[in-house]
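First comes the structure, then the notes that go with it.
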Amino acid sequence: MAKERSLSPEARSILRTQISRRTVLAGAGGVGAAGLLAACGGGGDSASAENTVRWGNWPLYLDFDEDSKTYPTLVKFSEQSGIDAKYFEDYNDNDEFYGKVQAQLKLGEDIGYDVVTPTDWMAARWIRLGYTQKFDTANIPNKVNILDSLASPSYDPNRGSTLTWQGIMGGFGWNVEKNPKGIRTLDDLFAPQNKGKIVVLTEMRDTIGIILLGQGVDITKVTEDEFMNAVDFMAKKISDGWIRGVKGNEYAEDLTSGDATAVIGWSGDMFILASENEGKFDFAIPESGGTISGDNLIIPSTASAAGKANGEKLINYYYEPAVAAEVAAYVNYVCPIKGAQAEMEKIAPELATSEYIFPTEKTSSRLNVFRSLTPDEETKWAEAFQQAQGN
Amino acid sequence: MSFPKVRVPYLLLLPGFAFLFTFFILPIINLAQTSTQTRVAGGDTGEYEQTLAFGNYIQAFVDNKEQFGRSFLYATLATVFALAIAYPLAYAIAFKSGKFKNILLVLVVAPFFTSFLLRTIAWKQILGEEGFVVPGLRSLHIIGEQTTLTSTSIAVVAGMTYNFLPFMTLPLYASLERIDPRTIEAAGDLYANGITAFRRVTVPLSLPGVVAGTLLTFIPAAGDYVNAAILGSPNTKMIGNVIESRYFKIVDYPTAAALSFTLMAAILVLVTLYIRKAGTEELV
């Protein structure tokens with residue numbers, strides 16, 4: 001710890017984030033075994049008391065102090081509000097978490113959480129099924145701080161029952177030695193030097209989204225034909241031996257081991273990889289546009305009135321720019337809160353200019369949110385995407 | 001209070017039966033029910049209703065026959081390789097290791113002290129571009145500059161062979177160790193040379209171990225999905241990967257259930273045929 005203190009804030013944040021949320025999902029997440037194991041364990045807390053709030057979030061997705069083994073911002077929240085915030089790092093996988101609580105949600109029984117953090121498309125499913133509660137906006141005045149680009153997703157146009165926790169950018173990542181000119185287009189990605197060494201994400205909306213954008217399709221309005229066409233494109237690239245694998249976070253390992261030279265990947269991971277390997281890797285949003293998705297704070301339908309009110313206070317607290325900056329300095333994903341950049345200047349100026357955490361307006365305008373799908377589409381499209389990868 | 005003697009065995013069976021009933025029979029019934037469901041018209045993702053759609057089985061099999069074939073091929077190869085490696089190993093431990101016997105046995109079991117996942121991920125690094133195997137083989141011109149080892153069927157079969165090796169070695173060791181050395185001596189007395197004695201005495205007496213070892217390797221290998229997921233590519237997916245993807249990614253529970261049942265049935269048939277051929281009395 002003493003050694004760490006002599007490092008710059010940026011280096012420190014990198015060290016701390018070496019095992020960030022997405023990295024934890026590596027190996028195990030791709031295999032689903034962690035999900036299976038986690039599915040066996042119980043979650044949350046059974047008691048829903050007046051002055052507590054129970055929050056289920058992804059692992060290592062909140063500022064953590066190694067010395068005191070506490071979450072500094074969460075401790076401050078409890079001190080300020082008098083609400084006992086119970087934090088559970090047991091949201092390991094969208095599908096697995098949904099599978100675990102689905103039966104209770106259906107029966108209207110307490111699932112053990114007052115706040116949970118699903119990714120956009122999963123949040124959309126919760127809303128569709130009526131498993132969320134509408135926010136009482138009076139409790140969340142800071143809601144106005146959400147970035148304009150995230151303020152009106154198709155699944156929740158007024159952000160009535162969801163608010164972004166962190167944003168995740170999808171784009172091209174590459175090995176600088178093998179791709180000295182960088183990768184900006186699909187043609188750059190599928191260049192001869194990368195043949196057989198391209199890895200794309202298992203996250204359908206990022207991989208197919210980026211292919212679609214490269215084909216000139218607007219992913220906020222994509223049709224089934226366009227989608228299937230992009231899936232066929234990917235399947236062809238797999239069968240022709242261009243794409244080596246369709247993976248979760250393990251793509252980061254493949255880049256470091258040399259098994260992959262170019263990827264469709266996530267900004268946060270690439271930021272860490274580039275810093276750890278002295279510029280051996282780089283990341284860019286494709287010329288035709290990249291994807292952005294988010295994990296969302298929502299209040300499940302099963303939360304009690306007190307749990308809901310306390311959850312709203314918690315969400316409001318994390319929408320304060322100063323608090324958001326503190327979190328972003330730790331997690332390094334896209335910070336969804338206006339004004340956090342100015343606050344970051346005060347605590348870690350190096351990070352305040354990072355395009356990965358605070359994309360400029362010009363950058364944000366190039367990021368696209370995949371449109372929400374109907375249940376039929378969700379099943380059919382996921383099936384096509386899975387079959388294209390040999391499943 | 002005393003129980004009539006005849007009831008005692010049943011009472012002893014009770015805990016095991018209760019456990020199997022709760023954690024095996026009930027889930028199997030549930031799985032069977034799920035396998036014939038279809039989507040609720042206009043329902044949400046993951047909503048299914050019972051329509052006794054037995055066509056699910058045909059559809060599931062037809063869509064994934066390639067992965068079924070691959071699973072049984074890879075499992076067979078892994079079993080054969082594991083047997084080829086484990087037999088000499090078990091033989092050496094049983095007959096030639098002297099005072100090192102216990103240490104060697106611990107070494108055979110040692111991999112179990114580490115997680116299955118970690119060991120498989122380690123293989124990925126060993127076979128990776130910057131591991132020592134690929135550059136070594138390249139400098140010897142055994143493989144070309146463009147040839148890679150990870151993301152190939154070789155890597156998947158190698159991973160499976162490695163991961164299931166102890167399951168093959170231990171039963172083989174147990175049956176070899178049980179062989180009375182005097183039977184081999186007797187073969188010598190009857191003018192059998194070393195090879196003949198091995199072929200006519202040692203091998204037949206070790207057959208129960210071979211049968212047990214091959215079953216313990218083949219059955220989990222056929223349903224394995226970890227090796228294909230970590231060491232393979234989209235072109236080496238096995239049926240376990242399909243089931244995982246159907247269940248978690250597509251949220252298509254009926255197909256996942258139908259595939260699980262089909263896999264179970266296929267393994268059962270193959271194993272039955274194999275045991276018929278090999279002889280069940282050898283198993284115990």
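As shown in the structure tokens, the chain order sets the letters A, B, ...; within each chain, residues go from 1, and ligands are also counted from 1 in the order they appear.
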
Identify every residue of chain B that has at least one atom within 6 Å of any atom of chain A, counting only C-alpha atoms, and report the result as a compact mmCIF listing (two decimals) with N, CA and C atoms, in the first residue's frame.
# COMPACT_ATOMS: atom_id res chain seq x y z
N ASP B 44 -43.60 -13.16 -23.11
CA ASP B 44 -42.28 -12.56 -23.03
C ASP B 44 -41.18 -13.61 -23.13
N THR B 45 -39.96 -13.11 -23.24
CA THR B 45 -38.80 -13.98 -23.30
C THR B 45 -38.81 -14.95 -22.12
N GLU B 129 0.05 -18.21 -28.35
CA GLU B 129 1.11 -17.72 -29.25
C GLU B 129 2.39 -17.41 -28.50
N GLU B 130 2.25 -16.90 -27.28
CA GLU B 130 3.45 -16.51 -26.56
C GLU B 130 3.82 -17.49 -25.46
N SER B 233 -12.92 -23.05 -30.69
CA SER B 233 -13.35 -21.93 -31.52
C SER B 233 -14.81 -22.20 -31.89
N PRO B 234 -15.43 -21.28 -32.64
CA PRO B 234 -16.82 -21.56 -33.06
C PRO B 234 -16.94 -22.86 -33.85
N LYS B 237 -17.45 -26.33 -31.33
CA LYS B 237 -18.45 -26.34 -30.26
C LYS B 237 -19.03 -27.75 -30.07
N VAL B 242 -23.89 -25.94 -26.71
CA VAL B 242 -25.19 -25.59 -27.28
C VAL B 242 -26.24 -25.51 -26.16
N PHE B 248 -28.99 -20.23 -21.23
CA PHE B 248 -28.69 -18.91 -20.67
C PHE B 248 -28.80 -17.78 -21.67
N ILE B 250 -30.17 -17.78 -25.10
CA ILE B 250 -31.38 -17.66 -25.92
C ILE B 250 -32.61 -17.76 -25.03

| field | Close residues, Thr183 of chain B itself excluded, 12 Å, only C-alpha atoms, min 5 positions apart in chain, as a ChimeraX atom specification | value | /B:178,188-190,192,197-198,200-202,204-205

Residues within 8 Å of Asp295 of chain A, only C-alpha atoms, excluding chain neighbours under 2 positions, as a PDB file with N, CA and C atoms, in the first residue's frame:
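out14.pdb written:
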ATOM      1  N   THR A 117     -28.974  -3.805 -10.741  1.00  0.00           N
ATOM      2  CA  THR A 117     -28.225  -3.092 -11.773  1.00  0.00           C
ATOM      3  C   THR A 117     -28.123  -3.854 -13.099  1.00  0.00           C
ATOM      4  N   PRO A 118     -29.238  -4.129 -13.765  1.00  0.00           N
ATOM      5  CA  PRO A 118     -29.156  -4.876 -15.027  1.00  0.00           C
ATOM      6  C   PRO A 118     -28.702  -4.006 -16.209  1.00  0.00           C
ATOM      7  N   THR A 119     -28.176  -4.656 -17.229  1.00  0.00           N
ATOM      8  CA  THR A 119     -27.782  -3.979 -18.465  1.00  0.00           C
ATOM      9  C   THR A 119     -29.046  -3.592 -19.252  1.00  0.00           C
ATOM     10  N   ASP A 120     -28.888  -2.593 -20.122  1.00  0.00           N
ATOM     11  CA  ASP A 120     -30.035  -2.016 -20.843  1.00  0.00           C
ATOM     12  C   ASP A 120     -31.101  -3.015 -21.294  1.00  0.00           C
ATOM     13  N   THR A 164     -28.868   5.285 -15.545  1.00  0.00           N
ATOM     14  CA  THR A 164     -27.619   4.608 -15.867  1.00  0.00           C
ATOM     15  C   THR A 164     -26.664   4.614 -14.674  1.00  0.00           C
ATOM     16  N   TRP A 165     -26.064   3.468 -14.412  1.00  0.00           N
ATOM     17  CA  TRP A 165     -25.018   3.398 -13.385  1.00  0.00           C
ATOM     18  C   TRP A 165     -23.665   3.734 -14.036  1.00  0.00           C
ATOM     19  N   GLN A 166     -23.243   2.961 -15.050  1.00  0.00           N
ATOM     20  CA  GLN A 166     -22.034   3.271 -15.808  1.00  0.00           C
ATOM     21  C   GLN A 166     -22.311   2.929 -17.261  1.00  0.00           C
ATOM     22  N   GLY A 167     -21.614   3.617 -18.161  1.00  0.00           N
ATOM     23  CA  GLY A 167     -21.772   3.337 -19.584  1.00  0.00           C
ATOM     24  C   GLY A 167     -20.588   2.551 -20.118  1.00  0.00           C
ATOM     25  N   SER A 293     -23.646   1.117 -24.284  1.00  0.00           N
ATOM     26  CA  SER A 293     -24.719   0.492 -23.513  1.00  0.00           C
ATOM     27  C   SER A 293     -24.471   0.874 -22.068  1.00  0.00           C
ATOM     28  N   LEU A 297     -29.575   1.394 -12.742  1.00  0.00           N
ATOM     29  CA  LEU A 297     -30.122   1.258 -11.405  1.00  0.00           C
ATOM     30  C   LEU A 297     -31.632   1.189 -11.532  1.00  0.00           C
TER      31      LEU A 297
END

| query | Could you name the residues that touch Leu373 of chain A at 9 Å or less, counting only C-alpha atoms, but leaving out those on the same chain fewer than 5 positions away, as a list in words? | reply | Trp121, Ala124, Tyr155 and Glu378 of chain A

File dump, residues just selected, N, CA and C atoms, as an mmCIF file, in the first residue's frame:
data_model
loop_
_atom_site.group_PDB
_atom_site.id
_atom_site.type_symbol
_atom_site.label_atom_id
_atom_site.label_comp_id
_atom_site.auth_asym_id
_atom_site.auth_seq_id
_atom_site.Cartn_x
_atom_site.Cartn_y
_atom_site.Cartn_z
ATOM 1 N N TRP A 121 -30.654 -3.996 -22.083
ATOM 2 C CA TRP A 121 -31.652 -4.906 -22.678
ATOM 3 C C TRP A 121 -32.363 -5.715 -21.615
ATOM 4 N N ALA A 124 -34.815 -3.516 -19.950
ATOM 5 C CA ALA A 124 -35.998 -3.411 -20.813
ATOM 6 C C ALA A 124 -36.956 -4.577 -20.538
ATOM 7 N N TYR A 155 -36.323 1.957 -24.357
ATOM 8 C CA TYR A 155 -37.075 1.120 -23.413
ATOM 9 C C TYR A 155 -37.625 1.916 -22.241
ATOM 10 N N GLU A 378 -36.091 -10.870 -29.506
ATOM 11 C CA GLU A 378 -35.025 -11.192 -28.559
ATOM 12 C C GLU A 378 -34.622 -12.654 -28.692
#
